[in-house]
Amino acid sequence: MSRLAKRYREVLAVDDLSFTVRPGRVTGFLGPNGAGKTTTLRIVLGLAAASSGAATIGGRRYRDLAQPLREVGASLEATSFHPGRTARDHLRLQATAGGIARERVPLVLEQVGLTAAAGRRVGGYSLGMRQRLGLAAALLGDPGVLVLDEPINGLDPEGIRWVRSLLRTLAAEGRTVLVSSHVLSEVEQAVDDLVVIDRGRSVYQGPVGGLAPTHPRIVVDAGRRADLAAALGPRVVGAAPDGALLVEGVDAAEVGRIAFSAGIAVTHLAAETQGLEGGFLELIRGAGS
Amino acid sequence: MNAVGRSVAAELLRVVSTRIWWILGLVLLGYTAFVAAFLAFFLGDLGAALGGGSSLPPRAVADLVYSTATSVGYLVPVLLGALIVTSEHRHRTLTPTLLAEPRRGVVVTGKAIAGAAFGALYGVVGLLASVGLGAAVIAVGGGDPLLGSAETWGLILRALLAMALWGLVGVGLGGLVANQVVAIVLLLVFTQFLEPILRLVGAVWEWSAEVGKFLPGAASDALVGAGLFGSLGALDPSAAGMHSAALSWWQGGLVLAALAAVLLVLSRATTWRRDVA
């Protein structure tokens, strides 16, 4: 798979959304619940029709791929299994339908750690096991492109670490990996690029580091809080829950100098630690106003 | 293997990897065997002697007993055909199905062929019960099971065709209705309640009998060449005044095939076109 380009123009759930996902990188597809992530992925995978615009994978629409499972692996819903069918049978039948050698089935079962449970009916599986089975199905055709919708939902901490390292491995092998989530912190360590959408519109596209808040606020406090506020003047924009001052427009060092020159002993001085998640939330709040 | 071949192979696997197909097969085997043995006993010379009634000619007895595979058993292939589609909606498994084969026409074709194949398989099962046990009971009762006759084997072949067509009808109906519970209720109400009443009432007047012969169950009986319903007049003297009308076997087959085709095309144009959520 040399390149992956997608363009959408759907009026309601997805609004004039365009983005490109590149091979060899993990791209996070972020947005709050109901932002249109799953709808977008369903359009990409040919399950839903776009009202306008088009989504292409390597220049072709999903339905134009002769044997799509060998080019695109997707895991959309942890509930999309017949409860009375075993995991092994599910994968065998997907392999048959997708024109994939049956020898792949035990391999992907091993890869996701379901070998021991493969002969059990999926109805008895936990959510985490269903996620693993969904990943196994996505990996079945050894595809160059992976589309994973909320693959971390329902996993335990060990499972989350496993998925993150799997995503990194897949991208390192040169594959294109698109992974959606509504919680940035879940995928933050595993993704290179981000596409953030809100109410169907793109609000951020770029490297994950670019999402960090550009002007973190400073939290500062002193015994003589009122004198400190006077010294900082209009740069004080509010108060923290504990009464400490929130300062914007200057960095922590500058706040320290101002307090020192006013002869005020500072008891607390820190940049607000909200990280990428803060930038993410800021973005979504900003888009809403 | 081409796309349709892959799709058919996957659909066959889909059916045999859950339990319902053999449960239905066992029900078909047991129920048909019971009805066939019951009829063979009471229509045979022994039963006639016990009941004091007039005995039917051996040909009529054999046709009636052997055709229970379809006249009693046709519900099973149509039910499985419907389940092939509706269980995908019920368990939300259309997503993986359409990911593997995004061309929906190919998926519908694969399901239709699988439905027909399982219909034919159920035909074999039903005939094992109706001919296998029925012939034995006829022979034990002193009658002639007519197993060597070409007419008997013609009926057997036409019964297999009828069961395959019922499988197709099921896939079409399931595709149109989509909701599994609604599809099952519709099938049970129509086949077990509505159609028998319509056929019974239809037999009261000549004009309604002419219309009633196009009902799917009547067309199926016509295709096979015999059925419980059409033989009512022969079995029950009180029904002697009823009007009976029947299509020829190939007309019956065409009516069933047309029903399946209409349902499949309608479902492809409506439900199968929808977005999969």
# chains A, B, ... in the order shown; residues from 1 in each chain; ligands from 1
>>> interface_residues(of="chain B", to="chain A", cutoff="10 Å", atoms="only C-alpha atoms", output="PyMOL selection string")
chain B and resi 1-20+87-104+107+273-277
>>> write_last_selection(atoms="N, CA and C atoms", output="tab-separated table (two decimals), in the first residue's frame")
chain	number	residue	atom	x	y	z
B	1	MET	N	-10.79	-19.69	-6.78
B	1	MET	CA	-12.24	-19.61	-6.69
B	1	MET	C	-12.70	-18.17	-6.96
B	2	ASN	N	-13.79	-18.03	-7.70
B	2	ASN	CA	-14.27	-16.68	-7.96
B	2	ASN	C	-15.06	-16.14	-6.77
B	3	ALA	N	-15.52	-14.89	-6.90
B	3	ALA	CA	-16.15	-14.22	-5.76
B	3	ALA	C	-17.41	-14.95	-5.30
B	4	VAL	N	-18.25	-15.38	-6.26
B	4	VAL	CA	-19.49	-16.06	-5.86
B	4	VAL	C	-19.17	-17.40	-5.20
B	5	GLY	N	-18.17	-18.10	-5.75
B	5	GLY	CA	-17.77	-19.38	-5.16
B	5	GLY	C	-17.29	-19.19	-3.72
B	6	ARG	N	-16.47	-18.17	-3.49
B	6	ARG	CA	-16.00	-17.89	-2.13
B	6	ARG	C	-17.17	-17.57	-1.21
B	7	SER	N	-18.10	-16.78	-1.75
B	7	SER	CA	-19.25	-16.37	-0.95
B	7	SER	C	-20.12	-17.57	-0.58
B	8	VAL	N	-20.35	-18.47	-1.53
B	8	VAL	CA	-21.15	-19.67	-1.25
B	8	VAL	C	-20.44	-20.53	-0.20
B	9	ALA	N	-19.13	-20.74	-0.39
B	9	ALA	CA	-18.37	-21.57	0.57
B	9	ALA	C	-18.45	-20.96	1.97
B	10	ALA	N	-18.34	-19.63	2.05
B	10	ALA	CA	-18.40	-18.96	3.35
B	10	ALA	C	-19.79	-19.10	3.96
B	11	GLU	N	-20.84	-18.98	3.13
B	11	GLU	CA	-22.20	-19.09	3.67
B	11	GLU	C	-22.48	-20.50	4.18
B	12	LEU	N	-21.97	-21.52	3.47
B	12	LEU	CA	-22.16	-22.89	3.93
B	12	LEU	C	-21.47	-23.08	5.28
B	13	LEU	N	-20.24	-22.55	5.39
B	13	LEU	CA	-19.52	-22.63	6.67
B	13	LEU	C	-20.27	-21.88	7.77
B	14	ARG	N	-20.83	-20.73	7.37
B	14	ARG	CA	-21.57	-19.92	8.35
B	14	ARG	C	-22.71	-20.73	8.95
B	15	VAL	N	-23.40	-21.49	8.10
B	15	VAL	CA	-24.54	-22.27	8.60
B	15	VAL	C	-24.06	-23.42	9.49
B	16	VAL	N	-23.05	-24.17	9.01
B	16	VAL	CA	-22.68	-25.37	9.78
B	16	VAL	C	-21.88	-25.05	11.03
B	17	SER	N	-21.42	-23.78	11.19
B	17	SER	CA	-20.64	-23.45	12.38
B	17	SER	C	-21.52	-23.01	13.55
B	18	THR	N	-22.83	-22.99	13.36
B	18	THR	CA	-23.73	-22.81	14.50
B	18	THR	C	-24.65	-24.02	14.55
B	19	ARG	N	-25.53	-24.07	15.57
B	19	ARG	CA	-26.23	-25.33	15.82
B	19	ARG	C	-27.58	-25.48	15.14
B	20	ILE	N	-28.17	-24.35	14.74
B	20	ILE	CA	-29.58	-24.40	14.35
B	20	ILE	C	-29.85	-25.34	13.18
B	87	SER	N	-30.27	-13.77	10.87
B	87	SER	CA	-29.34	-13.90	12.00
B	87	SER	C	-28.17	-12.93	11.82
B	88	GLU	N	-27.88	-12.54	10.61
B	88	GLU	CA	-26.82	-11.55	10.38
B	88	GLU	C	-27.26	-10.18	10.90
B	89	HIS	N	-28.55	-9.89	10.74
B	89	HIS	CA	-29.05	-8.62	11.28
B	89	HIS	C	-29.13	-8.70	12.80
B	90	ARG	N	-29.64	-9.83	13.30
B	90	ARG	CA	-29.85	-9.98	14.73
B	90	ARG	C	-28.53	-9.89	15.51
B	91	HIS	N	-27.50	-10.55	14.99
B	91	HIS	CA	-26.23	-10.57	15.72
B	91	HIS	C	-25.24	-9.55	15.18
B	92	ARG	N	-25.70	-8.66	14.35
B	92	ARG	CA	-24.89	-7.59	13.79
B	92	ARG	C	-23.62	-8.13	13.11
B	93	THR	N	-23.75	-9.28	12.46
B	93	THR	CA	-22.58	-9.87	11.82
B	93	THR	C	-22.46	-9.48	10.36
B	94	LEU	N	-23.36	-8.60	9.90
B	94	LEU	CA	-23.23	-8.15	8.51
B	94	LEU	C	-21.94	-7.38	8.30
B	95	THR	N	-21.47	-6.72	9.36
B	95	THR	CA	-20.23	-5.94	9.23
B	95	THR	C	-19.07	-6.81	8.74
B	96	PRO	N	-18.69	-7.90	9.48
B	96	PRO	CA	-17.60	-8.73	8.94
B	96	PRO	C	-17.93	-9.36	7.59
B	97	THR	N	-19.19	-9.73	7.38
B	97	THR	CA	-19.57	-10.34	6.10
B	97	THR	C	-19.30	-9.38	4.94
B	98	LEU	N	-19.73	-8.12	5.12
B	98	LEU	CA	-19.57	-7.15	4.04
B	98	LEU	C	-18.14	-6.60	3.96
B	99	LEU	N	-17.38	-6.75	5.04
B	99	LEU	CA	-15.96	-6.37	4.95
B	99	LEU	C	-15.23	-7.37	4.05
B	100	ALA	N	-15.61	-8.66	4.18
B	100	ALA	CA	-14.96	-9.69	3.37
B	100	ALA	C	-15.43	-9.62	1.91
B	101	GLU	N	-16.67	-9.25	1.69
B	101	GLU	CA	-17.21	-9.16	0.33
B	101	GLU	C	-18.13	-7.94	0.24
B	102	PRO	N	-17.58	-6.79	-0.14
B	102	PRO	CA	-18.40	-5.57	-0.11
B	102	PRO	C	-19.47	-5.50	-1.20
B	103	ARG	N	-19.36	-6.34	-2.23
B	103	ARG	CA	-20.39	-6.31	-3.27
B	103	ARG	C	-21.61	-7.06	-2.78
B	104	ARG	N	-22.66	-6.32	-2.49
B	104	ARG	CA	-23.81	-6.94	-1.81
B	104	ARG	C	-24.53	-7.94	-2.68
B	107	VAL	N	-22.96	-11.19	-2.13
B	107	VAL	CA	-23.35	-11.76	-0.84
B	107	VAL	C	-24.75	-12.38	-0.93
B	273	ARG	N	-29.82	-2.74	0.39
B	273	ARG	CA	-29.19	-1.52	-0.06
B	273	ARG	C	-28.78	-0.62	1.11
B	274	ARG	N	-29.39	-0.87	2.26
B	274	ARG	CA	-29.22	0.03	3.40
B	274	ARG	C	-27.78	0.09	3.91
B	275	ASP	N	-27.50	1.19	4.62
B	275	ASP	CA	-26.24	1.30	5.35
B	275	ASP	C	-26.24	0.27	6.47
B	276	VAL	N	-25.09	-0.28	6.74
B	276	VAL	CA	-24.96	-1.24	7.84
B	276	VAL	C	-24.42	-0.49	9.06
B	277	ALA	N	-25.21	-0.43	10.10
B	277	ALA	CA	-24.79	0.34	11.29
B	277	ALA	C	-24.21	-0.57	12.34
>>> residues_around(residues="Ala260 (chain B)", least_positions_apart="2", cutoff="9 Å", atoms="only C-alpha atoms", output="ChimeraX atom specification")
/B:165-173,255-258,262-265
>>> closest_residue(among="B:Phe38, B:Tyr74, B:Tyr66, B:Trp272", to="Gly175 (chain B)", atoms="only C-alpha atoms")
B:Trp272
>>> residues_around(residues="Arg257 (chain A)", least_positions_apart="4", cutoff="12 Å", atoms="only C-alpha atoms", output="list of chain:residue names")
A:Leu228, A:Ala231, A:Leu232, A:Val250, A:Asp251, A:Ala252, A:Ala253, A:Ser261, A:Ala262, A:Gly263, A:Ile264, A:Ala265, A:Val266, A:Leu269
>>> write_last_selection(atoms="C-alpha atoms", output="PDB file, in the first residue's frame")
ATOM      1  CA  LEU A 228       0.925  38.960  44.652  1.00  0.00           C
ATOM      2  CA  ALA A 231       1.995  42.745  41.491  1.00  0.00           C
ATOM      3  CA  LEU A 232       0.894  40.498  38.618  1.00  0.00           C
ATOM      4  CA  VAL A 250       3.938  34.873  31.011  1.00  0.00           C
ATOM      5  CA  ASP A 251       6.032  31.837  31.850  1.00  0.00           C
ATOM      6  CA  ALA A 252       6.792  30.510  35.311  1.00  0.00           C
ATOM      7  CA  ALA A 253      10.246  32.118  35.465  1.00  0.00           C
ATOM      8  CA  SER A 261      11.014  42.009  42.872  1.00  0.00           C
ATOM      9  CA  ALA A 262       7.819  42.704  44.834  1.00  0.00           C
ATOM     10  CA  GLY A 263       9.393  41.009  47.850  1.00  0.00           C
ATOM     11  CA  ILE A 264       6.747  38.297  48.008  1.00  0.00           C
ATOM     12  CA  ALA A 265       7.686  34.753  49.079  1.00  0.00           C
ATOM     13  CA  VAL A 266       6.027  32.323  46.689  1.00  0.00           C
ATOM     14  CA  LEU A 269       4.603  28.013  41.396  1.00  0.00           C
TER      15      LEU A 269
END
>>> residues_around(residues="region 199-207 of chain A", least_positions_apart="3", cutoff="8 Å", atoms="only C-alpha atoms", output="PyMOL selection string")
chain A and resi 12-19+34-37+192-196+210-211+283-284+287
>>> select_by_dssp(residues="region 169-235 of chain A", states="alpha helix (DSSP H)", output="ChimeraX atom specification")
/A:169-172,184-187,225-232
>>> select_by_dssp(residues="region 97-217 of chain A", states="strand (DSSP E or B)", output="list in words")
Arg121, Val145, Leu146, Val147, Leu148, Asp149, Thr176, Val177, Leu178, Val179, Ser180, Ser181, Asp193, Leu194, Val195, Val196, Ile197, Asp198, Arg201, Ser202, Val203, Tyr204, Gln205, Gly206 and Pro207 of chain A
>>> residues_around(residues="region 135-144 of chain B", least_positions_apart="6", cutoff="10 Å", atoms="only C-alpha atoms", output="CSV table (one decimal) with N, CA and C atoms, in the first residue's frame")
chain,number,residue,atom,x,y,z
B,36,ALA,N,-45.4,-39.6,8.2
B,36,ALA,CA,-45.4,-40.6,7.1
B,36,ALA,C,-45.8,-42.0,7.6
B,37,ALA,N,-45.2,-42.3,8.8
B,37,ALA,CA,-45.6,-43.7,9.3
B,37,ALA,C,-47.0,-43.8,9.7
B,38,PHE,N,-47.5,-42.7,10.3
B,38,PHE,CA,-48.9,-42.6,10.7
B,38,PHE,C,-49.9,-42.8,9.5
B,39,LEU,N,-49.6,-42.0,8.4
B,39,LEU,CA,-50.4,-42.1,7.2
B,39,LEU,C,-50.2,-43.5,6.5
B,40,ALA,N,-49.0,-44.0,6.5
B,40,ALA,CA,-48.8,-45.3,5.8
B,40,ALA,C,-49.5,-46.4,6.5
B,41,PHE,N,-49.6,-46.3,7.8
B,41,PHE,CA,-50.3,-47.3,8.6
B,41,PHE,C,-51.8,-47.2,8.4
B,42,PHE,N,-52.4,-46.0,8.5
B,42,PHE,CA,-53.9,-45.9,8.4
B,42,PHE,C,-54.4,-45.9,7.0
B,43,LEU,N,-53.5,-45.6,6.0
B,43,LEU,CA,-54.0,-45.7,4.6
B,43,LEU,C,-53.8,-47.1,4.0
B,44,GLY,N,-52.9,-47.9,4.7
B,44,GLY,CA,-52.6,-49.2,4.2
B,44,GLY,C,-53.8,-50.2,4.4
B,45,ASP,N,-53.6,-51.4,3.9
B,45,ASP,CA,-54.7,-52.3,4.0
B,45,ASP,C,-55.1,-52.6,5.4
B,46,LEU,N,-54.1,-52.7,6.3
B,46,LEU,CA,-54.3,-53.0,7.7
B,46,LEU,C,-55.2,-51.9,8.3
B,47,GLY,N,-54.7,-50.6,8.1
B,47,GLY,CA,-55.5,-49.5,8.7
B,47,GLY,C,-56.9,-49.5,8.1
B,57,PRO,N,-55.9,-46.7,-3.7
B,57,PRO,CA,-55.0,-47.5,-4.6
B,57,PRO,C,-53.6,-47.2,-4.2
B,58,PRO,N,-52.7,-48.2,-4.4
B,58,PRO,CA,-51.3,-48.2,-3.9
B,58,PRO,C,-50.6,-46.9,-4.4
B,59,ARG,N,-50.9,-46.4,-5.6
B,59,ARG,CA,-50.2,-45.2,-6.1
B,59,ARG,C,-50.5,-44.0,-5.2
B,61,VAL,N,-51.6,-44.0,-2.1
B,61,VAL,CA,-51.0,-44.1,-0.8
B,61,VAL,C,-49.5,-43.7,-0.8
B,62,ALA,N,-48.8,-44.3,-1.8
B,62,ALA,CA,-47.3,-44.0,-1.9
B,62,ALA,C,-47.1,-42.5,-2.0
B,65,VAL,N,-47.9,-40.6,1.2
B,65,VAL,CA,-46.9,-40.9,2.3
B,65,VAL,C,-45.6,-40.2,2.0
B,66,TYR,N,-45.1,-40.4,0.7
B,66,TYR,CA,-43.7,-40.0,0.4
B,66,TYR,C,-43.7,-38.4,0.3
B,129,ALA,N,-36.9,-39.9,5.8
B,129,ALA,CA,-38.0,-40.2,6.7
B,129,ALA,C,-39.2,-40.7,6.0
>>> atom_distance(atom1="CA of Val220 (chain A)", atom2="CA of Ala271 (chain A)")
8.7 Å
>>> residues_around(residues="Ala230 (chain A)", least_positions_apart="2", cutoff="12 Å", atoms="only C-alpha atoms", output="list in words")
Arg224, Arg225, Ala226, Asp227, Leu228, Leu232, Gly233, Pro234, Arg235, Val236, Leu245, Ile258, Ala259, Ala262 and Ile264 of chain A
>>> write_last_selection(atoms="C-alpha atoms", output="compact mmCIF listing (two decimals), in the first residue's frame")
# COMPACT_ATOMS: atom_id res chain seq x y z
CA ARG A 224 0.36 37.44 50.79
CA ARG A 225 -1.96 36.41 47.96
CA ALA A 226 -3.58 39.84 47.51
CA ASP A 227 -0.18 41.59 47.20
CA LEU A 228 0.93 38.96 44.65
CA LEU A 232 0.89 40.50 38.62
CA GLY A 233 -1.90 42.90 37.63
CA PRO A 234 -4.07 42.02 34.61
CA ARG A 235 -2.09 38.83 33.90
CA VAL A 236 -4.16 37.12 36.62
CA LEU A 245 -3.87 32.52 41.22
CA ILE A 258 7.81 39.55 39.44
CA ALA A 259 7.11 38.04 42.87
CA ALA A 262 7.82 42.70 44.83
CA ILE A 264 6.75 38.30 48.01
>>> closest_residue(among="B:Gly119, B:Gly252, B:Gly148, B:Gly25", to="Ala218 (chain B)", atoms="only C-alpha atoms")
B:Gly252
>>> residues_around(residues="Gly24 (chain A)", least_positions_apart="3", cutoff="8 Å", atoms="only C-alpha atoms", output="PyMOL selection string")
chain A and resi 170-177
>>> closest_residue(among="A:Val21, A:Ile218, A:Ala229, A:Leu30", to="Asp149 (chain A)", atoms="only C-alpha atoms")
A:Leu30
>>> atom_distance(atom1="CA of Thr152 (chain B)", atom2="CA of Asp63 (chain B)")
7.3 Å
